[in-house]
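input25.cif (mmCIF, C-alpha atoms)
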```
data_structure
loop_
_atom_site.label_atom_id
_atom_site.label_comp_id
_atom_site.auth_asym_id
_atom_site.auth_seq_id
_atom_site.Cartn_x
_atom_site.Cartn_y
_atom_site.Cartn_z
CA LEU W 1 22.04 7.04 -8.74
CA ILE W 2 25.57 5.95 -9.67
CA ILE W 3 26.19 9.29 -11.41
CA TYR W 4 24.95 11.27 -8.39
CA LEU W 5 27.13 9.30 -6.01
CA PHE W 6 30.13 9.71 -8.29
CA LEU W 7 29.67 13.49 -8.47
CA PHE W 8 29.19 13.60 -4.71
CA TYR W 9 32.45 11.69 -4.25
CA CYS W 10 34.35 13.96 -6.64
CA PHE W 11 33.11 17.07 -4.84
CA PHE W 12 34.40 15.91 -1.46
CA PHE W 13 37.62 14.19 -2.44
CA SER W 14 38.95 15.82 -5.61
CA SER W 15 40.81 18.76 -3.98
CA ARG W 16 42.24 17.70 -0.66
CA ARG W 17 44.88 20.46 -0.55
CA ARG W 18 42.25 23.18 -0.81
CA HIS W 19 40.39 21.82 2.18
CA THR W 20 43.42 21.38 4.40
CA ARG W 21 43.86 25.12 4.69
CA TYR W 22 41.31 24.97 7.47
CA ILE W 23 41.94 23.04 10.66
CA SER W 24 38.26 22.15 11.14
CA VAL W 25 37.98 20.68 7.65
CA THR W 26 41.27 18.80 8.11
CA GLY W 27 39.80 17.15 11.19
CA VAL W 28 36.68 16.17 9.28
CA GLN W 29 38.76 14.73 6.46
CA THR W 30 40.92 12.63 8.74
CA CYS W 31 37.90 11.14 10.55
CA ALA W 32 34.48 11.58 8.96
CA LEU W 33 35.37 11.81 5.28
CA PRO W 34 37.10 8.40 5.05
CA ILE W 35 34.00 6.90 6.67
CA LEU W 36 31.81 8.72 4.17
CA LYS W 37 34.06 7.47 1.39
CA TYR W 38 33.56 3.89 2.58
CA PHE W 39 29.76 4.19 2.57
CA ILE W 40 29.70 5.82 -0.86
CA PHE W 41 31.78 3.00 -2.34
CA LYS W 42 29.61 0.45 -0.54
CA SER W 43 26.46 2.03 -2.02
CA LEU W 44 28.01 2.01 -5.48
CA LEU W 45 28.90 -1.66 -5.12
CA ASN W 46 25.36 -2.50 -3.96
CA VAL W 47 23.81 -0.68 -6.92
CA LYS W 48 26.22 -2.38 -9.29
CA SER W 49 25.46 -5.75 -7.70
CA ASP W 50 21.69 -5.29 -8.01
CA PHE W 51 22.05 -4.17 -11.62
CA SER W 52 24.31 -7.12 -12.46
CA GLU W 53 21.91 -9.56 -10.82
CA SER W 54 19.01 -8.15 -12.86
CA ILE W 55 20.98 -8.48 -16.10
CA ALA W 56 22.01 -12.02 -15.20
CA LEU W 57 18.41 -12.96 -14.38
CA ALA W 58 17.19 -11.53 -17.71
CA ASN W 59 19.87 -13.47 -19.58
CA THR W 60 18.95 -16.68 -17.77
CA LEU W 61 15.28 -16.15 -18.62
CA THR W 62 16.13 -15.60 -22.29
CA GLN W 63 18.20 -18.79 -22.37
CA LYS W 64 15.41 -20.80 -20.76
CA VAL W 65 12.84 -19.54 -23.28
CA ALA W 66 15.25 -20.44 -26.09
CA ARG W 67 15.35 -24.04 -24.79
CA VAL W 68 11.56 -24.43 -24.61
CA LYS W 69 10.19 -26.97 -27.06
CA PHE W 70 8.19 -25.57 -29.96
CA ASN W 71 4.94 -27.14 -28.69
CA TYR W 72 5.29 -25.31 -25.37
CA LEU W 73 6.27 -21.90 -26.73
CA ILE W 74 2.75 -20.56 -26.53
CA TYR W 75 2.81 -21.01 -22.73
CA ALA W 76 6.22 -19.39 -22.45
CA LYS W 77 4.91 -16.48 -24.51
CA GLU W 78 1.93 -16.03 -22.16
CA LEU W 79 4.23 -16.05 -19.15
CA LEU W 80 6.55 -13.48 -20.73
CA LYS W 81 3.58 -11.29 -21.62
CA LYS W 82 2.39 -11.30 -17.99
CA THR W 83 5.93 -10.61 -16.80
CA HIS W 84 6.17 -7.69 -19.21
CA GLU W 85 2.85 -6.28 -17.95
CA HIS W 86 4.00 -6.62 -14.33
CA LEU W 87 7.29 -4.88 -15.08
CA ASP W 88 5.39 -2.01 -16.72
CA LYS W 89 3.34 -1.62 -13.54
CA ILE W 90 6.39 -1.81 -11.29
CA GLU W 91 8.08 0.85 -13.41
CA ASN W 92 5.12 3.13 -12.59
CA GLY W 93 5.21 2.37 -8.87
CA ARG W 94 2.46 -0.28 -8.88
CA ILE W 95 3.58 -3.67 -7.55
CA PRO W 96 1.20 -6.56 -8.38
CA LEU W 97 0.32 -8.84 -5.46
CA SER W 98 -1.36 -12.23 -5.22
CA GLU W 99 -4.27 -12.50 -2.78
CA ASP W 100 -2.04 -14.10 -0.13
CA ASP W 101 0.75 -11.56 -0.64
CA TYR W 102 -1.81 -8.76 -0.38
CA TYR W 103 -3.05 -9.92 3.02
CA ASN W 104 0.42 -10.72 4.31
CA LYS W 105 1.54 -7.21 3.39
CA ILE W 106 -1.34 -5.29 4.96
CA ILE W 107 -1.21 -7.41 8.13
CA GLU W 108 2.53 -6.74 8.41
CA GLU W 109 1.93 -3.02 7.81
CA SER W 110 -0.70 -2.95 10.53
CA TYR W 111 1.56 -4.64 13.09
CA ASN W 112 4.37 -2.19 12.28
CA LEU W 113 2.29 0.93 12.94
CA THR W 114 3.46 3.16 15.78
CA ASN W 115 1.86 5.79 18.00
CA ASN W 116 -0.33 8.31 16.19
CA ASP W 117 0.13 6.80 12.73
CA THR W 118 -3.02 7.10 10.61
CA VAL W 119 -4.70 4.60 8.31
CA TYR W 120 -7.36 5.48 5.73
CA ALA W 121 -9.47 2.65 4.33
CA VAL W 122 -12.39 2.35 1.92
CA ASN W 123 -14.40 -0.87 1.91
CA SER W 124 -16.55 -0.87 -1.18
CA PHE W 125 -17.48 -4.54 -1.48
CA GLU W 126 -18.91 -7.28 0.70
CA GLU W 127 -18.59 -6.40 4.37
CA LEU W 128 -19.21 -10.05 5.28
CA ARG W 129 -15.59 -10.86 4.42
CA PHE W 130 -14.85 -9.45 7.91
CA LYS W 131 -16.69 -12.52 9.23
CA GLU W 132 -16.06 -15.17 6.58
CA ASP W 133 -12.50 -14.74 5.26
CA PRO W 134 -9.89 -15.87 7.84
CA ARG W 135 -7.28 -13.53 6.35
CA GLN W 136 -9.59 -10.54 6.64
CA ILE W 137 -10.33 -11.53 10.24
CA ARG W 138 -6.57 -11.62 10.99
CA TYR W 139 -6.16 -8.23 9.39
CA PHE W 140 -9.07 -6.79 11.39
CA ASN W 141 -7.56 -8.16 14.60
CA SER W 142 -4.29 -6.42 13.74
CA ASN W 143 -6.31 -3.20 13.31
CA ILE W 144 -7.80 -3.59 16.78
CA MET W 145 -4.38 -4.17 18.35
CA ALA W 146 -2.97 -1.08 16.62
CA VAL W 147 -5.83 1.07 17.91
CA LYS W 148 -5.89 -0.28 21.46
CA GLU W 149 -2.18 -0.73 22.10
CA ARG W 150 -0.52 2.00 20.01
CA ASP W 151 -3.15 4.73 19.62
CA VAL W 152 -3.19 4.34 15.84
CA ILE W 153 -6.04 6.22 14.15
CA TYR W 154 -8.06 4.09 11.73
CA LYS W 155 -10.52 5.90 9.47
CA ARG W 156 -12.70 3.50 7.50
CA ILE W 157 -15.47 4.33 5.03
CA PHE W 158 -17.99 1.59 4.27
CA ILE W 159 -19.78 1.97 0.93
CA ILE W 160 -23.05 0.07 1.31
CA ASP W 161 -26.26 -0.46 -0.63
CA SER W 162 -28.93 1.11 1.57
CA LYS W 163 -31.63 -0.83 -0.32
CA THR W 164 -30.42 -4.12 1.17
CA ILE W 165 -30.06 -3.00 4.80
CA ASN W 166 -33.38 -4.50 5.93
CA THR W 167 -32.60 -7.93 4.48
CA GLU W 168 -31.08 -10.71 6.56
CA THR W 169 -27.74 -10.26 4.82
CA GLY W 170 -27.98 -6.50 5.22
CA LYS W 171 -28.39 -6.86 8.97
CA LYS W 172 -25.26 -9.03 9.14
CA ARG W 173 -23.37 -6.35 7.23
CA LEU W 174 -24.49 -3.77 9.79
CA GLU W 175 -23.17 -6.06 12.53
CA VAL W 176 -19.75 -5.91 10.88
CA ILE W 177 -19.89 -2.11 10.82
CA GLN W 178 -21.05 -2.01 14.44
CA GLU W 179 -18.14 -4.23 15.47
CA ASN W 180 -15.70 -1.87 13.74
CA ILE W 181 -17.19 1.04 15.71
CA SER W 182 -17.10 -0.84 19.01
CA LYS W 183 -13.38 -1.63 18.51
CA GLY W 184 -12.41 2.02 18.11
CA ILE W 185 -12.37 2.27 14.31
CA ASN W 186 -13.50 5.69 13.08
CA VAL W 187 -16.34 4.67 10.74
CA LYS W 188 -18.34 6.56 8.16
CA ILE W 189 -21.00 5.18 5.81
CA VAL W 190 -21.67 6.16 2.22
CA ASP W 191 -24.69 4.93 0.24
CA LYS W 192 -23.57 3.32 -3.02
CA ASN W 193 -26.72 4.66 -4.68
CA GLU W 194 -25.37 8.19 -4.18
CA LEU W 195 -22.28 7.31 -6.24
CA ILE W 196 -23.95 6.36 -9.51
CA GLY W 197 -21.69 7.47 -12.35
CA LYS W 198 -18.76 7.92 -9.94
CA ASN W 199 -17.04 4.57 -10.41
CA ASP W 200 -13.64 6.12 -9.66
CA LEU W 201 -14.75 6.36 -6.00
CA LEU W 202 -15.67 2.69 -5.74
CA ASP W 203 -12.16 1.24 -5.35
CA ASP W 204 -11.43 -0.91 -2.31
CA TRP W 205 -8.18 0.22 -0.66
CA VAL W 206 -6.16 1.03 2.44
CA LEU W 207 -3.51 3.72 2.89
CA PHE W 208 -0.90 3.50 5.65
CA CYS W 209 0.44 6.92 6.64
CA LYS W 210 3.43 6.38 8.91
CA GLN W 211 5.26 9.25 10.55
CA LYS W 212 8.62 7.49 10.14
CA ASP W 213 8.16 6.05 6.67
CA MET W 214 6.74 6.79 3.23
CA LYS W 215 3.04 6.23 2.53
CA HIS W 216 2.02 2.78 1.32
CA LEU W 217 -1.23 2.34 -0.59
CA TYR W 218 -2.82 -1.07 -1.15
CA VAL W 219 -5.65 -1.58 -3.62
CA ASP W 220 -7.48 -4.91 -3.77
CA TYR W 221 -9.79 -6.51 -6.31
CA GLN W 222 -12.88 -8.60 -5.65
CA ASP W 223 -13.34 -12.20 -6.73
CA LEU W 224 -16.47 -11.88 -8.88
CA VAL W 225 -17.48 -15.48 -8.18
CA GLU W 226 -16.76 -15.76 -4.46
CA LYS W 227 -17.65 -12.20 -3.55
CA THR W 228 -16.35 -12.24 0.02
CA ARG W 229 -12.80 -12.87 -1.21
CA VAL W 230 -10.04 -10.70 -2.56
CA ILE W 231 -8.60 -12.19 -5.76
CA SER W 232 -5.51 -9.95 -6.09
CA GLY W 233 -4.04 -6.63 -5.06
CA GLU W 234 -1.45 -3.96 -5.71
CA LEU W 235 1.06 -2.08 -3.58
CA ILE W 236 1.23 1.48 -4.88
CA LEU W 237 4.24 3.66 -4.10
CA ASN W 238 3.70 6.30 -6.79
CA GLU W 239 3.15 9.58 -4.91
CA SER W 240 0.90 11.05 -7.59
CA ILE W 241 -1.45 8.06 -7.47
CA ILE W 242 -1.44 8.13 -3.66
CA ASN W 243 -2.41 11.81 -3.72
CA ASP W 244 -5.33 10.96 -6.01
CA PHE W 245 -6.59 8.34 -3.55
CA GLU W 246 -6.32 10.78 -0.65
CA LYS W 247 -8.53 13.16 -2.65
CA LYS W 248 -10.97 10.30 -3.23
CA PHE W 249 -11.26 9.78 0.52
CA ILE W 250 -12.05 13.47 1.02
CA SER W 251 -14.67 13.28 -1.76
CA LEU W 252 -16.30 10.22 -0.18
CA GLU W 253 -16.52 11.97 3.19
CA LYS W 254 -18.76 14.57 1.56
CA TYR W 255 -21.25 11.80 0.70
CA ALA W 256 -21.13 10.21 4.15
CA TYR W 257 -24.18 10.12 6.41
CA ASP W 258 -24.01 12.51 9.34
CA LYS W 259 -24.20 11.15 12.90
CA GLU W 260 -27.93 11.74 13.30
CA LYS W 261 -28.72 10.00 10.03
CA MET W 262 -26.55 7.02 10.96
CA LYS W 263 -28.38 6.71 14.26
CA GLN W 264 -31.79 7.12 12.64
CA LEU W 265 -31.25 4.70 9.76
CA PHE W 266 -28.92 2.11 11.26
CA GLY W 267 -29.06 2.60 15.03
CA LEU W 268 -25.33 3.34 15.05
CA GLU W 269 -23.84 5.78 17.55
CA ILE W 270 -20.27 6.78 16.86
CA ILE W 271 -17.59 9.28 17.82
CA TRP W 272 -15.61 10.68 14.91
CA ILE W 273 -11.95 11.59 15.18
CA ASN W 274 -11.12 14.51 12.91
#
```
What do you get writing this file as structure tokens?
Amino acid sequence: LIIYLFLFYCFFFSSRRRHTRYISVTGVQTCALPILKYFIFKSLLNVKSDFSESIALANTLTQKVARVKFNYLIYAKELLKKTHEHLDKIENGRIPLSEDDYYNKIIEESYNLTNNDTVYAVNSFEELRFKEDPRQIRYFNSNIMAVKERDVIYKRIFIIDSKTINTETGKKRLEVIQENISKGINVKIVDKNELIGKNDLLDDWVLFCKQKDMKHLYVDYQDLVEKTRVISGELILNESIINDFEKKFISLEKYAYDKEKMKQLFGLEIIWIN
């Protein structure tokens, strides 16, 4: 970035005499170009500052590890290993998130949606979290507000186990799906039994597609003990990975029940938004 800005600066300011042959360019130089010069230098200083802060932080971390007592080094090593793994992910456009950070992020994203933005979501595990996890309830409420107040389009695919639908728990799960439909969420249902051998389609995620911003993808991971909870998540900014998830959504739609089947099996009547 520094190199690009430097070349950009050289191109505009290296040969002032050549430009002043033209009155229009002279006017630009006397007004706009000094302003541009200021912002270029400001950007360079910001980049340099961020880089210097990162180096200083790394040096501080190294010094702290050097001061750790021998008996505690094993714990410092574990921490550094996790930090290294996180930095590898960040380098590839995958930002690790704690469970609280994950929910805070997606709730904030939902509140910041504007007219005609679109959200794609796949819920592949425990629908009852919409009733039992307070953070999921807050997120769902932010979905409803976005749909009702700002005409945001929410497209959500629920991946369910059709074999459990007639159980007491299965009926509660259907209530969650029905509530999504009644609040204006564009819902489709896929039977998990149709996805055997297709584990790559079983991720749980949400993609925010904003007209005035880049796409933000959030993937979350289930707590295997307390199955209605998310244990951690990731913010994914890598465009290639995002494109893969968009293709996954299209693939899942091919497995979705049609409207008649949804009405016949689950008593659900919906209107789909293409």
Answer key for the PyMOL selection byres ((chain W and resi 142) around 12), residues as a PyMOL selection string: chain W and resi 103-113+135-141+143-150+152+154+183+185
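Residues surrounding segment 212-226 of chain W within 9 Å are Leu97, Glu99, Tyr102, Lys105, Ile106, Glu109, Thr114, Asp117, Phe125, Glu126, Asp203, Asp204, Trp205, Val206, Leu207, Phe208, Val230, Ile231, Ser232, Gly233, Glu234, Leu235, Ile236, Leu237, Asn238, Glu239, Ile241, Ile242 and Phe245 of chain W [all atoms listed in the file; sequence separation below 4 positions excluded].
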Nearest residue to Lys172 of chain W from the set W:Ile90, W:Val119, W:Leu128, W:Ile250 (distances using all atoms listed in the file): W:Leu128
Between atom CA of Thr118 of chain W and atom CA of Asp151 of chain W, distance in Å (one decimal):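 Result for atom CA of Thr118 of chain W versus atom CA of Asp151 of chain W: 9.3 Å, one decimal.
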Chain and number of each residue from the PyMOL selection byres ((chain W and resi 202) around 9), as a PyMOL selection string: chain W and resi 122-125+159+192+195+198-201+203-204
Nearest candidate to Asp133 of chain W (options W:Lys81, W:Lys248, W:Arg229, W:Lys263; using all atoms listed in the file):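 Answer, going by the shortest atom-to-atom distance: W:Arg229.
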